[in-house]
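final_3.cif follows (mmCIF, C-alpha atoms and all ligand atoms):
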```
data_start
loop_
_atom_site.group_PDB
_atom_site.id
_atom_site.type_symbol
_atom_site.label_atom_id
_atom_site.label_comp_id
_atom_site.auth_asym_id
_atom_site.auth_seq_id
_atom_site.Cartn_x
_atom_site.Cartn_y
_atom_site.Cartn_z
ATOM 1 C CA MET A 1 0.000 0.000 0.000
ATOM 2 C CA ALA A 2 1.437 3.369 -1.011
ATOM 3 C CA ASP A 3 1.959 5.851 1.804
ATOM 4 C CA ALA A 4 0.089 9.107 1.365
ATOM 5 C CA ASN A 5 2.425 12.076 1.779
ATOM 6 C CA PRO A 6 0.754 14.487 4.231
ATOM 7 C CA PHE A 7 3.279 17.203 3.308
ATOM 8 C CA ALA A 8 2.550 17.129 -0.421
ATOM 9 C CA ALA A 9 1.448 20.369 -2.076
ATOM 10 C CA PRO A 10 -2.051 20.382 -3.581
ATOM 11 C CA VAL A 11 -2.022 19.129 -7.155
ATOM 12 C CA ALA A 12 -2.925 21.832 -9.668
ATOM 13 C CA GLY A 13 -6.299 21.278 -11.304
ATOM 14 C CA ALA A 14 -7.204 18.399 -8.996
ATOM 15 C CA ALA A 15 -9.779 18.498 -6.203
ATOM 16 C CA LEU A 16 -7.954 19.670 -3.092
ATOM 17 C CA ASN A 17 -8.537 17.985 0.217
ATOM 18 C CA PRO A 18 -8.087 19.298 3.724
ATOM 19 C CA VAL A 19 -4.516 18.831 4.864
ATOM 20 C CA PRO A 20 -3.156 18.100 8.338
ATOM 21 C CA ASP A 21 -1.936 21.148 10.285
ATOM 22 C CA ALA A 22 1.679 20.150 9.735
ATOM 23 C CA ALA A 23 1.224 20.516 5.988
ATOM 24 C CA ILE A 24 -0.083 24.089 6.135
ATOM 25 C CA SER A 25 2.001 25.937 3.625
ATOM 26 C CA VAL A 26 2.409 28.264 0.670
ATOM 27 C CA TRP A 27 3.343 27.445 -2.942
ATOM 28 C CA ARG A 28 3.609 29.078 -6.359
ATOM 29 C CA ASP A 29 1.628 27.911 -9.370
ATOM 30 C CA GLY A 30 2.891 29.844 -12.397
ATOM 31 C CA ASP A 31 2.230 33.504 -11.586
ATOM 32 C CA LEU A 32 -0.191 32.586 -8.794
ATOM 33 C CA LEU A 33 0.429 32.144 -5.090
ATOM 34 C CA VAL A 34 -1.406 29.173 -3.561
ATOM 35 C CA MET A 35 -1.826 29.046 0.202
ATOM 36 C CA HIS A 36 -3.774 27.093 2.766
ATOM 37 C CA LYS A 37 -6.302 29.387 4.458
ATOM 38 C CA GLN A 38 -4.430 28.984 7.757
ATOM 39 C CA ALA A 39 -0.958 29.382 6.252
ATOM 40 C CA VAL A 40 1.438 32.058 7.506
ATOM 41 C CA LEU A 41 2.865 34.015 4.579
ATOM 42 C CA PRO A 42 6.599 34.840 4.465
ATOM 43 C CA ASP A 43 7.833 37.934 6.343
ATOM 44 C CA ARG A 44 8.362 39.791 3.060
ATOM 45 C CA CYS A 45 6.453 42.449 1.122
ATOM 46 C CA VAL A 46 4.036 41.007 -1.478
ATOM 47 C CA LYS A 47 4.635 44.127 -3.599
ATOM 48 C CA CYS A 48 8.463 44.246 -3.700
ATOM 49 C CA ASN A 49 9.818 41.270 -1.689
ATOM 50 C CA ALA A 50 11.555 43.575 0.860
ATOM 51 C CA PRO A 51 11.598 42.481 4.551
ATOM 52 C CA CYS A 52 8.463 43.469 6.535
ATOM 53 C CA ASN A 53 9.965 43.137 10.048
ATOM 54 C CA GLY A 54 6.889 41.255 11.219
ATOM 55 C CA TYR A 55 4.275 43.710 9.922
ATOM 56 C CA ARG A 56 1.107 42.085 8.564
ATOM 57 C CA LEU A 57 -1.994 43.614 7.001
ATOM 58 C CA ASN A 58 -5.255 41.753 7.681
ATOM 59 C CA ARG A 59 -7.263 41.090 4.519
ATOM 60 C CA SER A 60 -10.750 39.584 4.332
ATOM 61 C CA LEU A 61 -11.104 37.983 0.911
ATOM 62 C CA SER A 62 -14.255 36.884 -0.862
ATOM 63 C CA TRP A 63 -14.626 35.080 -4.189
ATOM 64 C CA HIS A 64 -17.169 33.278 -6.377
ATOM 65 C CA PRO A 65 -16.885 31.812 -9.898
ATOM 66 C CA PRO A 66 -17.006 34.831 -12.285
ATOM 67 C CA GLY A 67 -19.875 33.331 -14.348
ATOM 68 C CA TRP A 68 -22.277 34.325 -11.553
ATOM 69 C CA PHE A 69 -21.705 38.003 -12.420
ATOM 70 C CA LEU A 70 -24.063 37.422 -15.391
ATOM 71 C CA LEU A 71 -26.925 37.415 -12.869
ATOM 72 C CA ILE A 72 -26.439 41.205 -12.577
ATOM 73 C CA LEU A 73 -27.963 41.432 -16.078
ATOM 74 C CA ILE A 74 -31.156 39.897 -14.668
ATOM 75 C CA SER A 75 -31.264 41.594 -11.275
ATOM 76 C CA LEU A 76 -28.660 43.173 -9.031
ATOM 77 C CA TRP A 77 -30.575 42.004 -5.930
ATOM 78 C CA ILE A 78 -30.771 38.370 -7.094
ATOM 79 C CA TYR A 79 -27.043 38.505 -7.853
ATOM 80 C CA LEU A 80 -26.228 39.944 -4.398
ATOM 81 C CA ILE A 81 -28.290 37.273 -2.597
ATOM 82 C CA VAL A 82 -26.837 34.407 -4.676
ATOM 83 C CA ALA A 83 -23.293 35.805 -4.343
ATOM 84 C CA LEU A 84 -23.666 35.978 -0.542
ATOM 85 C CA CYS A 85 -24.783 32.317 -0.488
ATOM 86 C CA ILE A 86 -22.159 30.822 -2.806
ATOM 87 C CA ARG A 87 -19.112 32.967 -2.090
ATOM 88 C CA LYS A 88 -16.005 31.512 -0.482
ATOM 89 C CA THR A 89 -14.174 33.632 2.047
ATOM 90 C CA ALA A 90 -10.772 33.713 3.713
ATOM 91 C CA LYS A 91 -9.019 35.892 6.266
ATOM 92 C CA ILE A 92 -5.316 36.179 5.558
ATOM 93 C CA GLN A 93 -2.416 38.308 6.766
ATOM 94 C CA VAL A 94 -0.242 39.892 4.082
ATOM 95 C CA GLY A 95 3.300 41.218 4.568
ATOM 96 C CA LEU A 96 3.888 44.829 3.465
ATOM 97 C CA CYS A 97 7.199 46.733 3.716
ATOM 98 C CA GLU A 98 7.552 50.208 5.282
ATOM 99 C CA GLN A 99 7.769 51.884 1.864
ATOM 100 C CA HIS A 100 4.566 50.273 0.553
ATOM 101 C CA ARG A 101 2.816 50.852 3.891
ATOM 102 C CA SER A 102 3.687 54.554 3.689
ATOM 103 C CA GLY A 103 2.541 54.733 0.051
ATOM 104 C CA ARG A 104 -0.735 53.057 1.010
ATOM 105 C CA ARG A 105 -1.318 55.526 3.884
ATOM 106 C CA LYS A 106 -0.730 58.492 1.544
ATOM 107 C CA SER A 107 -3.127 57.016 -1.035
ATOM 108 C CA ILE A 108 -5.823 56.543 1.636
ATOM 109 C CA TRP A 109 -5.414 60.183 2.755
ATOM 110 C CA GLY A 110 -5.460 61.284 -0.900
ATOM 111 C CA ALA A 111 -8.712 59.404 -1.594
ATOM 112 C CA TRP A 112 -10.316 60.897 1.554
ATOM 113 C CA LEU A 113 -9.175 64.417 0.607
ATOM 114 C CA MET A 114 -10.565 63.995 -2.919
ATOM 115 C CA PHE A 115 -13.866 62.668 -1.522
ATOM 116 C CA LEU A 116 -14.293 65.447 1.074
ATOM 117 C CA SER A 117 -13.249 68.312 -1.226
ATOM 118 C CA SER A 118 -15.655 67.020 -3.905
ATOM 119 C CA PHE A 119 -18.395 66.896 -1.293
ATOM 120 C CA VAL A 120 -17.691 70.524 -0.329
ATOM 121 C CA GLY A 121 -17.657 71.349 -4.064
ATOM 122 C CA ILE A 122 -21.178 69.926 -4.447
ATOM 123 C CA VAL A 123 -22.456 72.010 -1.513
ATOM 124 C CA LEU A 124 -20.892 75.134 -3.080
ATOM 125 C CA SER A 125 -22.261 74.280 -6.541
ATOM 126 C CA ILE A 126 -25.774 74.094 -5.048
ATOM 127 C CA ALA A 127 -25.284 77.316 -3.055
ATOM 128 C CA PHE A 128 -24.006 79.238 -6.089
ATOM 129 C CA ASP A 129 -26.076 77.397 -8.735
ATOM 130 C CA LEU A 130 -23.125 75.948 -10.686
ATOM 131 C CA PRO A 131 -24.385 72.714 -12.339
ATOM 132 C CA LEU A 132 -21.108 72.054 -14.195
ATOM 133 C CA LEU A 133 -19.155 72.127 -10.923
ATOM 134 C CA ALA A 134 -21.693 69.698 -9.420
ATOM 135 C CA VAL A 135 -21.189 67.224 -12.294
ATOM 136 C CA LEU A 136 -17.410 67.525 -11.992
ATOM 137 C CA CYS A 137 -17.567 66.937 -8.228
ATOM 138 C CA LEU A 138 -19.854 63.903 -8.651
ATOM 139 C CA LEU A 139 -17.307 62.404 -11.076
ATOM 140 C CA LEU A 140 -14.515 63.126 -8.578
ATOM 141 C CA ILE A 141 -16.513 61.401 -5.792
ATOM 142 C CA LEU A 142 -16.957 58.362 -8.041
ATOM 143 C CA GLY A 143 -13.218 58.477 -8.815
ATOM 144 C CA SER A 144 -12.310 58.636 -5.120
ATOM 145 C CA LEU A 145 -14.517 55.582 -4.380
ATOM 146 C CA ILE A 146 -12.874 53.584 -7.203
ATOM 147 C CA TRP A 147 -9.469 54.733 -5.921
ATOM 148 C CA ALA A 148 -10.406 53.548 -2.402
ATOM 149 C CA VAL A 149 -11.346 50.098 -3.767
ATOM 150 C CA VAL A 150 -8.035 49.874 -5.664
ATOM 151 C CA ILE A 151 -6.065 50.830 -2.519
ATOM 152 C CA SER A 152 -7.889 48.220 -0.429
ATOM 153 C CA ASN A 153 -6.921 45.496 -2.941
ATOM 154 C CA VAL A 154 -3.359 44.953 -1.720
ATOM 155 C CA VAL A 155 -3.592 41.471 -3.256
ATOM 156 C CA LYS A 156 -5.994 40.238 -5.905
ATOM 157 C CA THR A 157 -7.945 37.029 -5.333
ATOM 158 C CA HIS A 158 -7.835 34.555 -8.223
ATOM 159 C CA LYS A 159 -9.835 31.810 -6.512
ATOM 160 C CA ILE A 160 -10.877 30.513 -3.077
ATOM 161 C CA ASP A 161 -12.191 27.049 -2.228
ATOM 162 C CA ASP A 162 -12.946 25.404 1.118
ATOM 163 C CA TYR A 163 -9.280 25.031 2.081
ATOM 164 C CA TYR A 164 -7.036 27.047 -0.227
ATOM 165 C CA VAL A 165 -6.616 30.586 -1.576
ATOM 166 C CA TRP A 166 -5.076 31.535 -4.938
ATOM 167 C CA LEU A 167 -3.635 35.075 -5.162
ATOM 168 C CA LYS A 168 -2.463 36.982 -8.236
ATOM 169 C CA LYS A 169 -0.434 40.185 -8.803
ATOM 170 C CA ILE A 170 2.218 39.030 -6.326
ATOM 171 C CA ASN A 171 5.814 40.256 -6.765
ATOM 172 C CA ALA A 172 7.737 37.854 -9.065
ATOM 173 C CA GLU A 173 10.801 37.646 -6.759
ATOM 174 C CA TYR A 174 8.526 36.854 -3.810
ATOM 175 C CA LEU A 175 6.862 34.088 -5.832
ATOM 176 C CA GLY A 176 10.273 32.794 -6.938
ATOM 177 C CA THR A 177 11.221 31.987 -3.331
ATOM 178 C CA LEU A 178 8.186 29.699 -2.870
ATOM 179 C CA PRO A 179 8.248 25.985 -3.706
ATOM 180 C CA PRO A 180 6.431 25.102 -6.944
ATOM 181 C CA ILE A 181 3.132 23.278 -6.672
ATOM 182 C CA GLN A 182 3.172 19.637 -7.747
ATOM 183 C CA GLY A 183 1.406 18.512 -10.870
HETATM 184 ZN ZN ZN B 201 7.242 46.680 -0.529
#
```

What would you get if you wrote out this structure as structure tokens?
Amino acid sequence: MADANPFAAPVAGAALNPVPDAAISVWRDGDLLVMHKQAVLPDRCVKCNAPCNGYRLNRSLSWHPPGWFLLILISLWIYLIVALCIRKTAKIQVGLCEQHRSGRRKSIWGAWLMFLSSFVGIVLSIAFDLPLLAVLCLLLILGSLIWAVVISNVVKTHKIDDYYVWLKKINAEYLGTLPPIQG
């Protein structure tokens, strides 16, 4: 009888099974990072591979197969209800270096400043009857919200199942230090 290897990486494309705690780990699969939901990521920045000195950013991830987005064409509410039922979630901790942390803080302040100044602009446009300024400020508010979403996406989720998370847009050097997935 062949011994099952409890430390084996999940096989790409195959159904993944829960692994014993000892096997909790992180791998690379092409340009994707594959990790067990409980895995501890390396103490390096996912953006540039620089040391993080222990700093971790908590990220709550959510994912569903992209085909379900088509439901939006039928009804946004039906989509939202279905998406809430079928989505897979994970809470992970991502390493970020001081430089990328500082850049992220500045971007958050920038998005807030853009949002608040646009809000003031709308109040002024109503007070002084300036419809063009109101339209411009509404566009800027929309822009600041999109900017905020982009900032919050430190990592992009490719896929989540019951046990594993696949991340994309990870620094190539960072990925290069991880063991390749089997298969
Ligand atoms: Zn960095």

- Task: Report as a ChimeraX atom specification the residues that result from applying the PyMOL selection byres (((chain A and resi 134) around 12) and not hetatm) to the structure here.
- Result: /A:117-133,135-141

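Nearest to ligand ZN 201 (chain B) of all the residues A:Leu84, A:Ile78, A:Leu175, A:Cys45 is A:Cys45, based on all atoms listed in the file.
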
- Query: Got a sec to check which residues lie within 7 Å of ligand ZN 201 (chain B), using only C-alpha atoms and all ligand atoms, and send them as JSON, numbers by chain?
  - Reply: {"A": [45, 46, 47, 48, 49, 50, 96, 97, 98, 99, 100]}

- Fewer than 3 positions away in the same chain doesn't count, so skip those; otherwise give me all residues within 7 Å of stretch 163-173 of chain A, counting all atoms listed in the file, as an NGL selection string. :A and (18 or 31-37 or 46-49 or 155-160 or 176-177)

- How far is it from atom CA of A:Trp147 to atom CA of A:Arg101, in Å with one decimal? 16.2 Å

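Pairwise distance (atom CA of A:Lys91, atom CA of A:Phe115) equals 28.3 Å.
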
- Item | Residue among A:Asn58, A:Gln38, A:Ser144, A:Asn53 lying closest to A:Val94, counting all atoms listed in the file | A:Asn58

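Atom CA of A:Trp63 sits 13.9 Å away from atom CA of A:Ile81.
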
- Given the choices A:Gly95, A:Gly110, A:Pro180, A:Pro65, which gets closest to A:Cys52 if the distance is worked out from all atoms listed in the file? A:Gly95
